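Below is one structure, written out as structure tokens; comments come after it.
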Amino acid sequence: MNKKVVVIGCGNVGMSYAYALLNQKNSVHELVLIDIDNDKAQGEAMDLNHCLAFSPSVMHIKAGTYSDCKDATVVVIAAGSNQKVGETRMDLINKNAGIFKSIVESVVASGFNGIFLVATNPLDVMTYITYKYSKFNPNKVIGSGTSLDTARLRFIIGEKLQISPKNVHAYVMGEHGDSEFVAWSTATVGLNNINSFLTEEEMQDICLEVKNAAYKIIEKKQATYYGIGMCLARITSAILGDENSIITVSCYDDDNKLFIGKPAILNKNGIVKSVYVSLTPSEEQKMQESIDIIKKTIEGLEN
Ligand code: NAD
């Protein structure tokens, strides 16, 4: 399999992703960086190349152009504005929707026939926009979705219980944003239901901590990027490794005609399918709230 990745947007997120790829074994063979600021892409490529002597991977890295997308396996879009203190992800919609048309159309014009992976916020709406402009099969358009929120949740629970986050099986679903929710009814630690470890009140506090994590980090260091960089690298390895792994990504919801965060099976073809989750009526209601928010934002853009 040709393991070629093109990253569009060489800012905090794009470069944290690239650095995470460099630290993976059996990572990509070729990594191409594109940014509206070509000097930045060139400088980042030079800097990353200087990691290769000590990286566990063999990789060709360069700054490139959209024609490099032609034979790419995955194109990752991390271009656009990030949240500033006091901004929500949805506040970024006008700035970021504006730049996506030319980005996605330029990728498609190269002859690209691989998988789009979107990181730019507001994530679920930007993933939908990528799908609309690319006219790709929705299985080949993936948003990072609630993968980062799920990673935050697993870390927080793991810390609290002094158990590895790898043994925490709990998912954040819905919008990657303020209406996201934890599907507590399905959560387990090891083999036991989460109810044997946490009280209702503790679960509510943890949910709030996950939701507010980005705001807190942005308040302290202006942006969040290592977490999403690792999530994007994990999603990429699930695709390139043809893993059939389950990750909470933003995937197409055919009933509602939009993209939203759900656990889904990922392999070399992109999204195989989303996994059915038996939600309680109150969780279903939270999912519906997320759907309504994403739908309203898309309708606002289309009108
Ligand atoms: P940043 O400002 O550091 O980087 C953005 C990069 O995009 C810059 O290098 C800029 O030159 C480039 N860019 C802008 N317009 C472009 C265009 N038309 N073509 C090519 N490149 C262009 O921002 P960041 O901190 O890296 O954040 C990027 C995006 O990722 C934001 O929307 C942010 O909110 C989002 N993000 C998502 C998650 C997630 O979980 N999905 C987490 C953190 C951040």
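In the structure tokens, chains take letters A, B, ... by order of appearance, with residues numbered from 1 within each chain and ligands from 1 in the order shown.
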Residues within 8 Å of ligand 1 should be enumerated using only C-alpha atoms and all ligand atoms and returned as a PyMOL selection string. chain A and resi 8-15+34-37+40-41+78-83+89+92+96+99-100+102-103+118-123+143-149+176+214+223-225+227-228
Generate a file of the selected residues that holds N, CA and C atoms, formatted as a compact mmCIF listing (two decimals), in the first residue's frame.
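File written: again-v1.txt
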```txt
# COMPACT_ATOMS: atom_id res chain seq x y z
N ILE A 8 -2.54 19.66 4.88
CA ILE A 8 -2.81 21.04 4.43
C ILE A 8 -3.07 21.88 5.67
N GLY A 9 -2.20 22.83 5.90
CA GLY A 9 -2.26 23.66 7.12
C GLY A 9 -1.15 23.24 8.06
N CYS A 10 -0.04 23.98 8.01
CA CYS A 10 1.15 23.60 8.81
C CYS A 10 1.24 24.43 10.08
N GLY A 11 0.14 24.56 10.79
CA GLY A 11 0.15 25.28 12.06
C GLY A 11 0.37 24.31 13.20
N ASN A 12 -0.14 24.71 14.37
CA ASN A 12 0.03 23.89 15.58
C ASN A 12 -0.47 22.45 15.36
N VAL A 13 -1.69 22.35 14.82
CA VAL A 13 -2.33 21.03 14.70
C VAL A 13 -1.65 20.19 13.61
N GLY A 14 -1.48 20.79 12.44
CA GLY A 14 -0.85 20.06 11.33
C GLY A 14 0.52 19.53 11.72
N MET A 15 1.31 20.36 12.41
CA MET A 15 2.68 19.95 12.74
C MET A 15 2.73 19.00 13.93
N ILE A 34 1.61 21.28 2.92
CA ILE A 34 1.12 22.42 2.12
C ILE A 34 0.59 23.48 3.09
N ASP A 35 0.94 24.73 2.83
CA ASP A 35 0.38 25.83 3.62
C ASP A 35 0.29 27.04 2.70
N ILE A 36 -0.67 27.91 2.98
CA ILE A 36 -0.78 29.14 2.19
C ILE A 36 0.52 29.93 2.32
N ASP A 37 1.19 29.76 3.44
CA ASP A 37 2.51 30.37 3.67
C ASP A 37 3.55 29.31 3.31
N LYS A 40 6.61 28.74 5.43
CA LYS A 40 6.35 28.00 6.67
C LYS A 40 6.40 26.50 6.38
N ALA A 41 5.73 26.08 5.31
CA ALA A 41 5.73 24.65 4.95
C ALA A 41 7.17 24.18 4.70
N ALA A 78 -5.92 20.66 8.16
CA ALA A 78 -5.83 21.32 9.47
C ALA A 78 -5.63 22.82 9.26
N ALA A 79 -6.06 23.31 8.11
CA ALA A 79 -5.87 24.73 7.78
C ALA A 79 -7.01 25.56 8.36
N GLY A 80 -6.70 26.79 8.72
CA GLY A 80 -7.75 27.71 9.15
C GLY A 80 -7.52 28.23 10.54
N SER A 81 -8.44 29.10 10.95
CA SER A 81 -8.31 29.76 12.26
C SER A 81 -8.61 28.80 13.39
N ASN A 82 -7.94 29.03 14.52
CA ASN A 82 -8.27 28.28 15.73
C ASN A 82 -9.02 29.19 16.70
N GLN A 83 -9.54 28.58 17.80
CA GLN A 83 -10.31 29.36 18.79
C GLN A 83 -9.39 30.31 19.54
N ARG A 89 -16.11 26.84 19.15
CA ARG A 89 -15.68 26.28 17.86
C ARG A 89 -16.61 26.78 16.75
N LEU A 92 -16.05 29.90 14.63
CA LEU A 92 -15.03 29.92 13.56
C LEU A 92 -15.64 29.67 12.18
N ASN A 96 -13.57 29.81 8.51
CA ASN A 96 -13.04 28.55 7.98
C ASN A 96 -13.81 27.99 6.81
N ILE A 99 -12.40 29.36 3.44
CA ILE A 99 -11.16 28.86 2.81
C ILE A 99 -11.29 27.41 2.31
N PHE A 100 -12.32 26.70 2.79
CA PHE A 100 -12.38 25.27 2.46
C PHE A 100 -12.73 24.98 1.01
N SER A 102 -11.80 26.44 -1.80
CA SER A 102 -10.64 26.38 -2.69
C SER A 102 -9.70 25.24 -2.29
N ILE A 103 -9.60 24.97 -1.00
CA ILE A 103 -8.71 23.87 -0.58
C ILE A 103 -9.23 22.53 -1.12
N VAL A 118 -10.38 15.38 8.30
CA VAL A 118 -10.54 16.80 8.60
C VAL A 118 -10.33 17.05 10.10
N ALA A 119 -9.56 18.14 10.40
CA ALA A 119 -9.34 18.51 11.80
C ALA A 119 -9.85 19.91 12.11
N THR A 120 -10.07 20.71 11.08
CA THR A 120 -10.43 22.13 11.28
C THR A 120 -11.82 22.26 11.92
N ASN A 121 -11.94 23.22 12.83
CA ASN A 121 -13.21 23.49 13.51
C ASN A 121 -14.03 24.56 12.81
N PRO A 122 -15.34 24.57 12.97
CA PRO A 122 -16.14 23.61 13.73
C PRO A 122 -16.18 22.27 13.00
N LEU A 123 -15.67 21.26 13.66
CA LEU A 123 -15.24 20.04 13.01
C LEU A 123 -16.33 19.34 12.18
N GLY A 143 -14.04 13.01 9.79
CA GLY A 143 -13.63 14.11 10.67
C GLY A 143 -13.04 13.52 11.94
N SER A 144 -12.14 14.25 12.58
CA SER A 144 -11.56 13.72 13.83
C SER A 144 -12.63 13.55 14.90
N GLY A 145 -13.76 14.25 14.73
CA GLY A 145 -14.95 14.03 15.57
C GLY A 145 -14.67 14.15 17.05
N THR A 146 -15.20 13.20 17.80
CA THR A 146 -15.02 13.23 19.25
C THR A 146 -13.88 12.30 19.69
N SER A 147 -12.94 12.04 18.77
CA SER A 147 -11.79 11.19 19.16
C SER A 147 -10.97 11.88 20.25
N LEU A 148 -10.76 13.18 20.12
CA LEU A 148 -9.97 13.90 21.12
C LEU A 148 -10.73 13.97 22.45
N ASP A 149 -12.01 14.23 22.38
CA ASP A 149 -12.83 14.31 23.60
C ASP A 149 -12.84 12.95 24.30
N HIS A 176 -18.46 17.66 18.03
CA HIS A 176 -17.18 18.03 18.67
C HIS A 176 -17.34 19.50 19.05
N ALA A 214 -10.71 22.14 26.32
CA ALA A 214 -10.11 23.00 25.29
C ALA A 214 -10.11 24.45 25.75
N ALA A 223 -3.77 27.67 22.47
CA ALA A 223 -4.21 26.68 21.47
C ALA A 223 -4.02 25.28 22.02
N THR A 224 -4.75 24.30 21.43
CA THR A 224 -4.54 22.89 21.81
C THR A 224 -4.07 22.15 20.57
N TYR A 225 -3.08 21.31 20.71
CA TYR A 225 -2.59 20.63 19.49
C TYR A 225 -1.97 19.24 19.69
N GLY A 227 -2.80 16.75 21.66
CA GLY A 227 -3.86 15.72 21.76
C GLY A 227 -4.44 15.41 20.40
N ILE A 228 -4.82 16.46 19.66
CA ILE A 228 -5.43 16.21 18.34
C ILE A 228 -4.39 15.63 17.39
```
Quick check for you: according to DSSP on this backbone, which residues of range 180-256 of chain A are classed as strand (DSSP E or B)? Reply as a ChimeraX atom specification. /A:181-182,188-189,192-193,245-253
Give me, as a PyMOL selection string, all polymer residues having an atom no more than 8 Å from Ile239 in chain A, counting only C-alpha atoms and skipping those fewer than 6 positions away in the same chain. chain A and resi 266-270
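Residue nearest Pro56 in chain A within the list A:Val32, A:Gln24, A:Ile217, A:Tyr276: A:Gln24 [criterion: smallest interatomic distance, only C-alpha atoms].
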In Å, rounded to a single decimal, give me how far CA of Asn26 in chain A is from CA of Ser55 in chain A.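 Distance between the two atoms: 10.6 Å.
Residues within 12 Å of Leu48 in chain A, counting only C-alpha atoms and excluding same-chain residues fewer than 3 positions away, are Cys10, Met15, Ser16, Tyr17, Ala18, Tyr19, Ala20, Leu21, Leu22, Asn23, Leu31, Val32, Leu33, Ala41, Gln42, Gly43, Glu44, Ala45, Cys51, Leu52, Ala53, Phe54, Ser55, Met59, His60, Ile61, Lys62 and Ala63 of chain A.
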Using only C-alpha atoms, which residue out of A:Pro138, A:Val189, A:Val5, A:Tyr215 lies closest to Asp254 in chain A? A:Pro138
Residues at most 9 Å from Val107 in chain A, counting only C-alpha atoms, excluding those fewer than 2 positions away in the same chain, as number ranges by chain? A: 66-70, 75, 102-105, 109-112, 134
Output N, CA and C atoms for every residue in the selection just made, as a short mmCIF file (atom, residue, chain, number, x, y, z; two decimals), in the first residue's frame.
```cif
data_model
loop_
_atom_site.label_atom_id
_atom_site.label_comp_id
_atom_site.auth_asym_id
_atom_site.auth_seq_id
_atom_site.Cartn_x
_atom_site.Cartn_y
_atom_site.Cartn_z
N TYR A 66 -0.59 21.35 -4.43
CA TYR A 66 -1.79 20.51 -4.52
C TYR A 66 -1.62 19.34 -5.49
N SER A 67 -0.72 19.48 -6.48
CA SER A 67 -0.53 18.36 -7.42
C SER A 67 0.00 17.12 -6.68
N ASP A 68 0.62 17.32 -5.52
CA ASP A 68 1.11 16.18 -4.74
C ASP A 68 -0.01 15.32 -4.16
N CYS A 69 -1.23 15.85 -4.18
CA CYS A 69 -2.35 15.08 -3.60
C CYS A 69 -2.78 13.94 -4.53
N LYS A 70 -2.41 14.04 -5.79
CA LYS A 70 -2.89 13.08 -6.81
C LYS A 70 -2.83 11.62 -6.35
N VAL A 75 -5.45 12.73 2.72
CA VAL A 75 -5.19 14.17 2.79
C VAL A 75 -5.81 14.69 4.08
N SER A 102 -11.80 26.44 -1.80
CA SER A 102 -10.64 26.38 -2.69
C SER A 102 -9.70 25.24 -2.29
N ILE A 103 -9.60 24.97 -1.00
CA ILE A 103 -8.71 23.87 -0.58
C ILE A 103 -9.23 22.53 -1.12
N VAL A 104 -10.52 22.25 -0.85
CA VAL A 104 -11.07 20.93 -1.24
C VAL A 104 -11.10 20.81 -2.76
N GLU A 105 -11.50 21.89 -3.44
CA GLU A 105 -11.56 21.80 -4.91
C GLU A 105 -10.15 21.62 -5.51
N ALA A 109 -9.10 18.49 -7.79
CA ALA A 109 -8.60 18.78 -9.14
C ALA A 109 -7.27 18.07 -9.43
N SER A 110 -6.54 17.70 -8.39
CA SER A 110 -5.26 17.01 -8.59
C SER A 110 -5.48 15.58 -9.09
N GLY A 111 -6.72 15.06 -8.94
CA GLY A 111 -7.00 13.67 -9.28
C GLY A 111 -7.02 12.79 -8.04
N PHE A 112 -6.95 13.42 -6.87
CA PHE A 112 -6.94 12.67 -5.59
C PHE A 112 -8.15 11.75 -5.49
N SER A 134 -16.18 18.02 -2.26
CA SER A 134 -15.42 16.95 -2.92
C SER A 134 -16.34 16.05 -3.74
#
```
Which of range 66-282 of chain A end up as alpha helix (DSSP H) when DSSP is run on this backbone - answer as a PyMOL selection string? chain A and resi 93-109+123-134+147-161+200-221+226-240+281-282
How many Å separate CA of Phe116 in chain A from CA of Ser27 in chain A?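 We find that CA of Phe116 in chain A and CA of Ser27 in chain A lie 17.6 Å from each other.
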Residue with smallest distance to Gly174 in chain A - pool A:Val76, A:Ile291, A:Val7, A:Ile157, counting only C-alpha atoms: A:Ile291
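For Cys207 in chain A, the list of residues within 8 Å, based on only C-alpha atoms and with local chain neighbours fewer than 4 positions off taken out, reads Leu153, Phe181, Val182, Met203 and Lys211 of chain A.
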The selected residues should be written to file as an mmCIF file, in the first residue's frame (atoms: N, CA and C atoms).
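Saved the output as selection_8.cif:
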```cif
data_model
loop_
_atom_site.group_PDB
_atom_site.id
_atom_site.type_symbol
_atom_site.label_atom_id
_atom_site.label_comp_id
_atom_site.auth_asym_id
_atom_site.auth_seq_id
_atom_site.Cartn_x
_atom_site.Cartn_y
_atom_site.Cartn_z
ATOM 1 N N LEU A 153 -11.563 12.069 27.967
ATOM 2 C CA LEU A 153 -12.423 11.348 28.921
ATOM 3 C C LEU A 153 -11.678 10.157 29.520
ATOM 4 N N PHE A 181 -21.631 14.745 24.379
ATOM 5 C CA PHE A 181 -22.056 14.079 25.619
ATOM 6 C C PHE A 181 -21.315 12.751 25.780
ATOM 7 N N VAL A 182 -21.271 12.265 27.006
ATOM 8 C CA VAL A 182 -20.650 10.967 27.268
ATOM 9 C C VAL A 182 -21.753 9.905 27.269
ATOM 10 N N MET A 203 -19.682 11.529 37.537
ATOM 11 C CA MET A 203 -19.804 11.443 36.069
ATOM 12 C C MET A 203 -20.126 12.813 35.482
ATOM 13 N N LYS A 211 -15.647 18.621 28.473
ATOM 14 C CA LYS A 211 -16.199 19.680 27.615
ATOM 15 C C LYS A 211 -15.388 20.961 27.706
#
```
CA of Ile298 in chain A to CA of Ile129 in chain A: how many Å, to one decimal?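 Result for CA of Ile298 in chain A versus CA of Ile129 in chain A: 8.6 Å, one decimal.
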My list of candidates is A:Ile260, A:Ile265, A:Val249, A:Ile142. Which is closest to Thr130 in chain A when distances are computed with only C-alpha atoms?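 Answer, going by the shortest atom-to-atom distance: A:Ile142.
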Near Glu284 in chain A, counting only C-alpha atoms, which residues have an atom at most 12 Å away, once you skip same-chain residues fewer than 4 positions from it, shown as a compact mmCIF listing (two decimals) with N, CA, C and O atoms, in the first residue's frame?
```txt
# COMPACT_ATOMS: atom_id res chain seq x y z
N MET A 173 -19.72 11.26 22.39
CA MET A 173 -20.41 11.23 21.09
C MET A 173 -21.05 12.58 20.79
O MET A 173 -21.12 13.46 21.64
N GLY A 174 -21.52 12.74 19.57
CA GLY A 174 -22.24 13.96 19.17
C GLY A 174 -21.30 14.97 18.53
O GLY A 174 -20.26 14.63 17.97
N GLU A 180 -21.56 18.12 22.96
CA GLU A 180 -21.12 16.71 23.03
C GLU A 180 -21.57 16.08 24.35
O GLU A 180 -21.83 16.80 25.32
N PHE A 181 -21.63 14.75 24.38
CA PHE A 181 -22.06 14.08 25.62
C PHE A 181 -21.32 12.75 25.78
O PHE A 181 -20.80 12.20 24.80
N VAL A 182 -21.27 12.26 27.01
CA VAL A 182 -20.65 10.97 27.27
C VAL A 182 -21.75 9.90 27.27
O VAL A 182 -22.77 10.08 27.93
N ALA A 183 -21.54 8.83 26.53
CA ALA A 183 -22.51 7.73 26.52
C ALA A 183 -22.20 6.84 27.73
O ALA A 183 -21.69 5.72 27.59
N TRP A 184 -22.54 7.37 28.91
CA TRP A 184 -22.18 6.66 30.16
C TRP A 184 -22.81 5.27 30.24
O TRP A 184 -22.23 4.36 30.82
N SER A 185 -24.00 5.10 29.66
CA SER A 185 -24.70 3.81 29.82
C SER A 185 -23.91 2.66 29.21
O SER A 185 -24.13 1.50 29.55
N VAL A 277 -24.96 1.97 18.79
CA VAL A 277 -24.80 2.13 20.24
C VAL A 277 -26.20 2.22 20.84
O VAL A 277 -27.01 3.04 20.38
N SER A 278 -26.46 1.39 21.82
CA SER A 278 -27.78 1.40 22.45
C SER A 278 -27.80 2.50 23.51
O SER A 278 -27.35 2.31 24.64
N LEU A 279 -28.32 3.68 23.14
CA LEU A 279 -28.33 4.83 24.05
C LEU A 279 -29.61 4.83 24.88
O LEU A 279 -30.65 4.34 24.42
N THR A 280 -29.55 5.43 26.05
CA THR A 280 -30.76 5.60 26.86
C THR A 280 -31.56 6.75 26.25
O THR A 280 -31.02 7.55 25.47
N GLN A 288 -29.72 14.14 19.77
CA GLN A 288 -30.61 14.96 18.94
C GLN A 288 -30.27 16.45 19.06
O GLN A 288 -30.29 17.18 18.06
N GLU A 289 -29.89 16.87 20.26
CA GLU A 289 -29.49 18.29 20.44
C GLU A 289 -28.27 18.60 19.58
O GLU A 289 -28.19 19.65 18.94
N SER A 290 -27.30 17.69 19.57
CA SER A 290 -26.10 17.87 18.74
C SER A 290 -26.50 17.93 17.26
O SER A 290 -26.02 18.78 16.51
N ILE A 291 -27.35 17.00 16.86
CA ILE A 291 -27.80 16.96 15.45
C ILE A 291 -28.43 18.29 15.08
O ILE A 291 -28.13 18.89 14.03
```
